[in-house]
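I have placed the structure first, in the form of C-alpha cells, so that the comments after it can refer back to it.
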Amino acid sequence: MSALDGIRISGLTLDLRGQRILDGVDLVAPAGQVTGLAGESGSGKTVTGMTVLGLPPAGSVVTGSIEYGGTDLLTLSARQHNALRGDQLAMVFQDPTASLHPMISVGGQLTDHIRHHLHLNRAQARARALEVLEQVRVPEPAQALRKYPHEFSGGQLQRIAIGIAIACRPSVLVADEPTTALDVTVQAGVMRLLRDLCDDLGLAVLLITHDLAVMSAMADTIVVMRHGRVVEHGPRYDVIRSPQHPYTRDLVEALPEHRPGPTRTGGQS
Amino acid sequence: MAGELVFDDVTVRYGRPGRPTVTAVDRVSFTVRPGEVVGLVGESGCGKSTLAKLACGLVPAAGGRVSFDGTPVTPHGLRRRAPRLLRLQMVFQNPYASLNPRRRVAAQLEDARAIHPGTAAPVAELLAGVGLDPALGTRYPHQFSGGQRQRIAIARAMATGPDLLIGDEPIASLDASLQAQVATLMRDVALASDTSLLFISHDLSVVRLIADRVVVMQAGRVVEEGPTEQVWTAPQATYTQRLLAAIPHADGLGVIPDVAPA
Amino acid sequence: MTTVSTTIGPRTRRRVPESLRSPLTVVGVVVAAVWLLVVVLGPLLQPADPLAQSPDRLAPVSAAHWFGTDSLGRDVLSRVIAGARISIPLSLLLVALSASVGSLLGAVAGLLGGVVDEVVMRIADLVLAFPTIILAMVIAAALGPSLTNAVIAMLVVTWPQYARVTRSLVLGARDREFVVAGRLLGIGWFTSLRRDVVPNVVGPVFALTTLDFGNAVLLLSGLSFLGLGTVPPTPEWGLMVSDGVQNFTAWWVAAFPGLAICSIVLAFNFIGDALRDALDPRMQKAVGSRAL
C-alpha cells in the first residue's frame with residue numbers, strides 16, 4: 001500500500017488504566033476521500049484519531065495495526081512518529097484559538113512549521129506560506145502573515161489552522177470537530193474548503209464529529225462508533241438513509257429534522 | 001396567566017477604560033407572552049446572551065426598559081434579587097460549570113425548592129420529571145454526564161416554580177444526538193407547568209422543533225420576528241435567508257451549503 | 001421515543017490521586033510527622049536540660065552528646081529538640097494568622113471590587129515590593145527584638161500573598177455559572193460566599209499554607225540569626241546557627257540546627273507540592289475531553 005493510499009486500521013485496541021477504550025476498531029480511510037467517524041462522546045472516535053497521529057492518552061496500551069505507506073504506525077518509535085506528524089500526518093482541531101499560539105504571528109507559525117519539516121530557507125518558506133494562505137482562501141494573505149491570531153475571526157482562524165496542516169503537503173488529515181465551534185454561516189465555507197482540499201490534493205481525510213448533518217454534507221463513507229467499537233460503516237447515503245444498526249438508527253432519529261414539530265397540549269393565551 | 005417578559009427598546013453597552021465601547025444590544029424590542037415558547041436565534045456576537053443576562057438583572061441597560069410581569073428588571077448587584085423577579089429562572093450553556101461541584105445534587109435542588117417551600121414538588125419528583133432516577137440525588141455533579149447535568153440544571157430551575165424560563169444556549173455543549181432531546185424536554189417541562197420559555201440558540205434546526213415564535217438577531221439588532229414555520233419557509237430578511245441556507249441537512253446527499261461570504 | 005443512551009455514567013469511587021502517593025510525598029509526610037512528634041513529646045526526649053551550661057564546651061559528637069555541645073557547653077541535641085518546640089508551633093501560628101487575615105482581605109476585595117479592592121491590593125503591592133526578609137528586619141528592629149515582635153513582623157510581610165491568591169480565586173469563582181445560578185435563586189451574598197465560593201477556594205489556599213510553612217520557619221530562623229527575633233539563651237534554631245557560625249570549626253553547632261531547618265522545610269515543600277497537584281486537576285477535571 002503506497003503512501004498515496006491512505007490509512008488502514010485493523011483490530012485497534014486501547015486500554016487505559018484497566019479500562020478498555022477501543023475494542024478492536026477496523027476502518028479504512030482511503031486517499032482522496034473523506035471518511036467520517038461518527039459517534040457520541042466517549043465512543044472512542046477522538047482517541048482513534050489521536051492514536052493515528054501517535055498521540056494516544058498517556059499510559060495507554062495499544063495493540064493492533066495502523067497501516068500507512070507500507071508501515072505499521074504502531075511499530076514506530078515516538079521520534080519516528082513525531083517526524084511524520086505535521087509532515088505527512090496532519091491534524092485540525094475544534095478550537096483554533098487554542099490550537100494556535102497566541103503570541104506568535106501567523107506567518108511565524110506557518111514558516112516555523114514549514115522550515116522544520118521541509119528544511120526550506122526563510123524566503124522559500126515565506127513563499128510557501130503565502131501560497132498556503134491563498135489556498136485556504138484567507139483574504140489579503142501578505143498582510144495576514146504579519147497579524148496575530150486574535151486579529152482574525154473564528155472562521156478565518158480555522159482556515160489558517162487548516163493551512164498550517166496542509167503546508168507540508170500531507171497525505172493524511174485528521175480533523176476532529178473542525179466546524180463545531182464555528183457559526184453556521186462560517187461553517188459552510190470551512191466545510192467547502194476541506195472538501196475541495198481533499199479532492200484537489202488527494203488527501204485521506206478522517207473527519208471526526210458527532211454532528212451527522214456535517215457528516216452528511218462532507219463525508220464519502222461513514223463509520224459509526226460506540227463504546228470503542230465500530231457498529232456500522234458504509235457509504236454516506238446508505239448509512240444515513242437506511243441505517244442497519246439500531247444505534248445508528250437512534251442517532252439519525254435523534255436529529256431535529258427527523259422529528260415532528262412543536263405540538264400544543266394546552267391553549268395559547 | 002403570568003410569565004410575560006418585555007424588552008422595550010433596550011440597549012446594552014460594554015466598555016472598559018481605554019477600550020472602545022461595544023454595543024452588544026441595539027434598541028431591541030420584543031415580548032415573550034405568557035405560556036409561549038420563543039426561540040431567539042443568531043450567531044456569535046449578536047447579543048442574544050446579553051439579552052438573557054439583562055433579563056436576569058446581571059447587566060445594566062444603557063437605554064430602554066426590561067420588565068417581567070410588570071416589574072421592572074434592574075441589576076441587583078450584591079443585594080438579593082427582588083422576590084417577584086425570582087419567578088424568572090435561567091439554564092446556562094455549560095453543564096460543567098452550572099452546578100456546584102462540592103454539593104450533592106439533591107442539596108442543590110433543595111436550595112431551589114426553598115424559595116417556595118410547601119408548593120414546590122419534592123426532589124424525587126423533580127428528578128423524575130427530567131428523566132433521571134431519583135436515587136441519583138445523593139451523587140455529586142462530576143458523577144453525571146453533560147446531558148444529565150443539563151437535566152439537573154433544568155430541574156433546579158423548575159424547582160422554583162418559575163413563570164418564565166430562559167435557556168441560554170442550553171444544548172450547545174451537548175452531543176448532537178442529545179440536543180433535540182434536551183430541548184424538547186425543556187419545552188415539555190415548561191408547558192406542563194404553564195411556564196413561558198425563551199430558548200436562546202444558534203441552532204436553527206432545534207429551535208424550529210420547539211419554538212412557537214422565532215426572533216432572529218444580528219449584530220445587536222432584531223432583523224426578523226414571526227411564527228416559526230413562517231420564518232422558516234418564507235424568511236423576509238436577507239440575513240435570515242443566509243442563515244437558513246447555511247444549515248447542512250442530514251439527508252445523505254453530500255451537499256455542502258453554498259453561502260457566499262458576508 | 002427511543003432514548004439514545006449517554007455513555008458515561010456515574011463513577012463508583014474516588015481513588016487516592018497519584019500525586020499523593022509519590023515517594024517524595026511519603027518522605028515529606030514521615031519527616032513532618034516525626035517533627036510533630038518531637039514537638040509533642042519534647043521534654044521527654046531531651047537527654048539534658050537545654051539551658052544547662054557546662055564546662056565541656058564545643059565538645060564534638062560523642063556517646064554522651066549525640067550532637068556535641070555548643071560554645072557554652074549546652075547539649076546541642078537537647079537544644080535542637082527544644083528549638084523545635086519554638087519554631088514549629090510559632091510558624092504554624094504565623095501561617096494560620098497570615099492565611100486567615102490575608103484570605104479574608106483578599107476575598108472581600110474580590111467580592112466587593114471598586115475602591116475596597118484597589119485599596120487592599122495597592123497596600124499588598126506595597127508590601128510585596130520589598131524583599132521579605134529586609135522588610136521583616138526593619139519592622140522587627142523598629143519594634144525591638146523579641147519573639148512576639150518577630151511574629152508581628154512576619155505577619156505583616158506574609159499576608160499579601162494570601163490576599164492576592166484568594167482575590168483571584170474569588171474573582172474566578174464569582175462569575176462561574178453555578179455561583180450566578182445561586183444568586184438567581186435569590187440567595188444573599190453571604191450565603192453565596194459560604195456555600196459556593198469558599199469551598200472552591202479553600203483547597204488552593206490550604207496548599208499554599210503548607211508550602212508557606214517552610215518559608216515561615218526560614219523567616220523566623222533568619223530573623224533570629226540576625227538577632228532580631230528570639231534573644232539568647234532561648235534555644236531557637238536560627239540563633240543556634242548564628243552561634244555556630246562564630247565557631248566554624250566546631251561544625252556540629254551550626255550543622256544540626258541547620259539540618260533541622262532544612263529537613264522540615266523540605267518536608268512541608270514536598271507535602272505542599274503534592275497537595276497542590278492533587279487539588280488542581282480535580283477541580284478542573286471534565287468527564288472526557290468535550291462535554292457530553
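Labels for the C-alpha cells follow display order: chains A, B, ..., residues from 1 in each chain, ligands from 1.
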**Request:** Please identify all polymer residues within 9 Å of Tyr247 in chain A, counting only C-alpha atoms, omitting same-chain residues fewer than 6 positions from it, and present them as a list of chain:residue names.
**Result:** A:Val224, A:Arg226, A:Val231, A:Glu232, C:Val4
**Request:** Would you give me, as a PyMOL selection string, the residues of chain A that come within 7 Å of chain B, using only C-alpha atoms?
**Result:** chain A and resi 40-41+183-185+188+191-192+210-214+216-219+236-237+240-241+251+254-257+261-262+268-269
For the selection you just gave me, I'd like the residues written to a file as a PDB file, in the first residue's frame, keeping N, CA and C atoms.
ATOM      1  N   GLU A  40     -21.034   9.406  19.702  1.00  0.00           N
ATOM      2  CA  GLU A  40     -21.200  10.348  20.805  1.00  0.00           C
ATOM      3  C   GLU A  40     -19.897  10.495  21.575  1.00  0.00           C
ATOM      4  N   SER A  41     -19.915  11.356  22.571  1.00  0.00           N
ATOM      5  CA  SER A  41     -18.739  11.491  23.428  1.00  0.00           C
ATOM      6  C   SER A  41     -18.522  10.175  24.141  1.00  0.00           C
ATOM      7  N   ASP A 183     -19.701  29.444  13.756  1.00  0.00           N
ATOM      8  CA  ASP A 183     -21.059  29.852  13.407  1.00  0.00           C
ATOM      9  C   ASP A 183     -21.488  29.135  12.146  1.00  0.00           C
ATOM     10  N   VAL A 184     -22.795  28.946  12.004  1.00  0.00           N
ATOM     11  CA  VAL A 184     -23.291  28.124  10.905  1.00  0.00           C
ATOM     12  C   VAL A 184     -22.970  28.725   9.531  1.00  0.00           C
ATOM     13  N   THR A 185     -22.984  30.065   9.419  1.00  0.00           N
ATOM     14  CA  THR A 185     -22.681  30.648   8.105  1.00  0.00           C
ATOM     15  C   THR A 185     -21.198  30.502   7.764  1.00  0.00           C
ATOM     16  N   ALA A 188     -20.178  26.564   6.700  1.00  0.00           N
ATOM     17  CA  ALA A 188     -20.352  26.129   5.319  1.00  0.00           C
ATOM     18  C   ALA A 188     -19.077  26.370   4.516  1.00  0.00           C
ATOM     19  N   MET A 191     -16.359  23.877   5.534  1.00  0.00           N
ATOM     20  CA  MET A 191     -16.682  22.538   5.003  1.00  0.00           C
ATOM     21  C   MET A 191     -16.303  22.460   3.532  1.00  0.00           C
ATOM     22  N   ARG A 192     -16.686  23.515   2.796  1.00  0.00           N
ATOM     23  CA  ARG A 192     -16.367  23.581   1.371  1.00  0.00           C
ATOM     24  C   ARG A 192     -14.851  23.525   1.168  1.00  0.00           C
ATOM     25  N   HIS A 210     -19.552  14.583  15.950  1.00  0.00           N
ATOM     26  CA  HIS A 210     -20.796  13.998  16.440  1.00  0.00           C
ATOM     27  C   HIS A 210     -21.979  14.540  15.637  1.00  0.00           C
ATOM     28  N   ASP A 211     -21.691  15.500  14.758  1.00  0.00           N
ATOM     29  CA  ASP A 211     -22.760  16.172  14.014  1.00  0.00           C
ATOM     30  C   ASP A 211     -23.045  15.434  12.704  1.00  0.00           C
ATOM     31  N   LEU A 212     -24.146  14.705  12.671  1.00  0.00           N
ATOM     32  CA  LEU A 212     -24.449  13.911  11.478  1.00  0.00           C
ATOM     33  C   LEU A 212     -24.773  14.763  10.257  1.00  0.00           C
ATOM     34  N   ALA A 213     -25.260  15.966  10.480  1.00  0.00           N
ATOM     35  CA  ALA A 213     -25.571  16.821   9.340  1.00  0.00           C
ATOM     36  C   ALA A 213     -24.284  17.229   8.624  1.00  0.00           C
ATOM     37  N   VAL A 214     -23.272  17.593   9.395  1.00  0.00           N
ATOM     38  CA  VAL A 214     -21.970  17.931   8.807  1.00  0.00           C
ATOM     39  C   VAL A 214     -21.401  16.711   8.100  1.00  0.00           C
ATOM     40  N   SER A 216     -23.070  14.288   6.818  1.00  0.00           N
ATOM     41  CA  SER A 216     -23.846  14.045   5.606  1.00  0.00           C
ATOM     42  C   SER A 216     -23.421  14.973   4.488  1.00  0.00           C
ATOM     43  N   ALA A 217     -22.998  16.182   4.810  1.00  0.00           N
ATOM     44  CA  ALA A 217     -22.609  17.134   3.784  1.00  0.00           C
ATOM     45  C   ALA A 217     -21.228  16.827   3.223  1.00  0.00           C
ATOM     46  N   MET A 218     -20.338  16.296   4.053  1.00  0.00           N
ATOM     47  CA  MET A 218     -18.940  16.213   3.649  1.00  0.00           C
ATOM     48  C   MET A 218     -18.400  14.819   3.380  1.00  0.00           C
ATOM     49  N   ALA A 219     -18.920  13.826   4.090  1.00  0.00           N
ATOM     50  CA  ALA A 219     -18.229  12.536   4.053  1.00  0.00           C
ATOM     51  C   ALA A 219     -18.622  11.683   2.857  1.00  0.00           C
ATOM     52  N   ARG A 236     -22.072   7.041   2.592  1.00  0.00           N
ATOM     53  CA  ARG A 236     -22.811   8.051   3.332  1.00  0.00           C
ATOM     54  C   ARG A 236     -24.323   7.911   3.161  1.00  0.00           C
ATOM     55  N   TYR A 237     -24.743   7.777   1.925  1.00  0.00           N
ATOM     56  CA  TYR A 237     -26.162   7.748   1.644  1.00  0.00           C
ATOM     57  C   TYR A 237     -26.848   6.577   2.356  1.00  0.00           C
ATOM     58  N   ILE A 240     -27.026   6.887   6.292  1.00  0.00           N
ATOM     59  CA  ILE A 240     -27.988   7.865   6.817  1.00  0.00           C
ATOM     60  C   ILE A 240     -29.417   7.525   6.414  1.00  0.00           C
ATOM     61  N   ARG A 241     -29.591   7.100   5.178  1.00  0.00           N
ATOM     62  CA  ARG A 241     -30.961   6.864   4.734  1.00  0.00           C
ATOM     63  C   ARG A 241     -31.492   5.511   5.160  1.00  0.00           C
ATOM     64  N   LEU A 251     -29.378   7.385  16.373  1.00  0.00           N
ATOM     65  CA  LEU A 251     -28.656   8.633  16.133  1.00  0.00           C
ATOM     66  C   LEU A 251     -29.349   9.466  15.067  1.00  0.00           C
ATOM     67  N   ALA A 254     -32.601  10.919  16.249  1.00  0.00           N
ATOM     68  CA  ALA A 254     -32.461  11.967  17.265  1.00  0.00           C
ATOM     69  C   ALA A 254     -32.256  13.338  16.651  1.00  0.00           C
ATOM     70  N   LEU A 255     -32.019  13.380  15.350  1.00  0.00           N
ATOM     71  CA  LEU A 255     -31.792  14.671  14.709  1.00  0.00           C
ATOM     72  C   LEU A 255     -33.078  15.478  14.647  1.00  0.00           C
ATOM     73  N   PRO A 256     -32.983  16.779  14.849  1.00  0.00           N
ATOM     74  CA  PRO A 256     -34.187  17.606  14.877  1.00  0.00           C
ATOM     75  C   PRO A 256     -35.015  17.505  13.606  1.00  0.00           C
ATOM     76  N   GLU A 257     -34.350  17.408  12.457  1.00  0.00           N
ATOM     77  CA  GLU A 257     -35.135  17.429  11.226  1.00  0.00           C
ATOM     78  C   GLU A 257     -35.911  16.145  11.011  1.00  0.00           C
ATOM     79  N   GLY A 261     -42.620  18.553  14.574  1.00  0.00           N
ATOM     80  CA  GLY A 261     -42.502  19.920  15.094  1.00  0.00           C
ATOM     81  C   GLY A 261     -43.255  20.090  16.395  1.00  0.00           C
ATOM     82  N   PRO A 262     -43.293  21.307  16.914  1.00  0.00           N
ATOM     83  CA  PRO A 262     -43.908  21.557  18.222  1.00  0.00           C
ATOM     84  C   PRO A 262     -45.408  21.293  18.178  1.00  0.00           C
ATOM     85  N   GLN A 268     -53.167  28.447  23.792  1.00  0.00           N
ATOM     86  CA  GLN A 268     -52.228  29.577  23.809  1.00  0.00           C
ATOM     87  C   GLN A 268     -52.975  30.795  24.339  1.00  0.00           C
ATOM     88  N   SER A 269     -52.367  31.515  25.244  1.00  0.00           N
ATOM     89  CA  SER A 269     -53.094  32.627  25.862  1.00  0.00           C
ATOM     90  C   SER A 269     -53.057  33.859  24.974  1.00  0.00           C
TER      91      SER A 269
END
**At most 7 Å to chain C: residues in chain B, only C-alpha atoms, as a list in words** = Leu78, Arg79, Arg80, Arg81, Leu86, Gln89, Ala97, Ser98, Leu99, Asn100, Ala112, Gln143, Phe144, Ser145, Gly146, Gly147, Ser173, Leu174 and Asp175 of chain B
Just the strand (DSSP E or B) stuff from range 115-212 of chain B, please, per backbone DSSP, written as a short mmCIF file (atom, residue, chain, number, x, y, z; two decimals) with C-alpha atoms, in the first residue's frame.
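Saved to selection_31.cif:
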data_model
loop_
_atom_site.label_atom_id
_atom_site.label_comp_id
_atom_site.auth_asym_id
_atom_site.auth_seq_id
_atom_site.Cartn_x
_atom_site.Cartn_y
_atom_site.Cartn_z
CA LEU B 164 -40.57 32.19 32.75
CA LEU B 165 -37.57 30.02 31.95
CA ILE B 166 -34.67 31.30 29.91
CA GLY B 167 -32.31 28.80 28.30
CA ASP B 168 -29.03 30.45 27.30
CA SER B 196 -43.05 30.51 29.26
CA LEU B 197 -39.76 29.62 27.66
CA LEU B 198 -37.21 31.86 25.99
CA PHE B 199 -34.89 29.44 24.20
CA ILE B 200 -31.66 31.03 23.01
CA SER B 201 -29.65 29.11 20.49
#
**Prompt:** When you draw a straight line from CA of Arg102 in chain B to CA of Leu104 in chain C, how long is it in Å?
**Reply:** 20.9 Å
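Closest to Leu58 in chain C among C:Ala32, C:Ala82, C:Val198, C:Ala250 is C:Ala250, based on only C-alpha atoms.
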**Request:** Among the residues of range 40-88 of chain A, find those DSSP assigns to alpha helix (DSSP H) from the backbone and print them as a PyMOL selection string.
**Result:** chain A and resi 45-52+78-84
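Between CA of Met50 in chain A and CA of Arg149 in chain B the separation is 27.3 Å.
If you measure from each of A:Leu14, A:His119, A:Ser242, A:Pro139 to Ala58 in chain A using only C-alpha atoms, the closest one turns out to be A:Leu14.
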Leaving out Asp72 in chain A and any residue of its chain fewer than 6 positions from it, which residues lie within 10 Å of it when counting only C-alpha atoms, given as a compact mmCIF listing (two decimals) with N, CA and C atoms, in the first residue's frame?
# COMPACT_ATOMS: atom_id res chain seq x y z
N ILE A 7 -5.01 5.35 5.00
CA ILE A 7 -4.77 4.66 6.27
C ILE A 7 -5.64 3.43 6.36
N ARG A 8 -5.05 2.35 6.91
CA ARG A 8 -5.89 1.19 7.19
C ARG A 8 -5.69 0.80 8.65
N ILE A 9 -6.78 0.86 9.43
CA ILE A 9 -6.70 0.50 10.84
C ILE A 9 -7.29 -0.90 11.01
N GLY A 64 -2.81 -3.89 17.83
CA GLY A 64 -3.47 -3.82 16.54
C GLY A 64 -2.51 -3.21 15.54
N SER A 65 -3.04 -2.69 14.46
CA SER A 65 -2.14 -2.07 13.49
C SER A 65 -2.79 -0.91 12.79
N ILE A 66 -1.96 0.09 12.47
CA ILE A 66 -2.41 1.24 11.67
C ILE A 66 -1.45 1.33 10.50
**Message:** Can you pull out the residues contacting Ala155 in chain B? Cut-off 10 Å, using only C-alpha atoms, and skip same-chain residues under 5 positions away; I want them as an NGL selection string.
**Reply:** :B and (91 or 109 or 112 or 123 or 125-132 or 149-150 or 160 or 186 or 189)
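Closest approach to chain C among A:Gly42, A:Gly86, A:Gly32, A:Gly6: A:Gly42, based on only C-alpha atoms.
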**Top pick for closest residue to chain C, considering A:Thr63, A:Asn121, A:Thr180, A:Thr221 and counting only C-alpha atoms** = A:Thr180
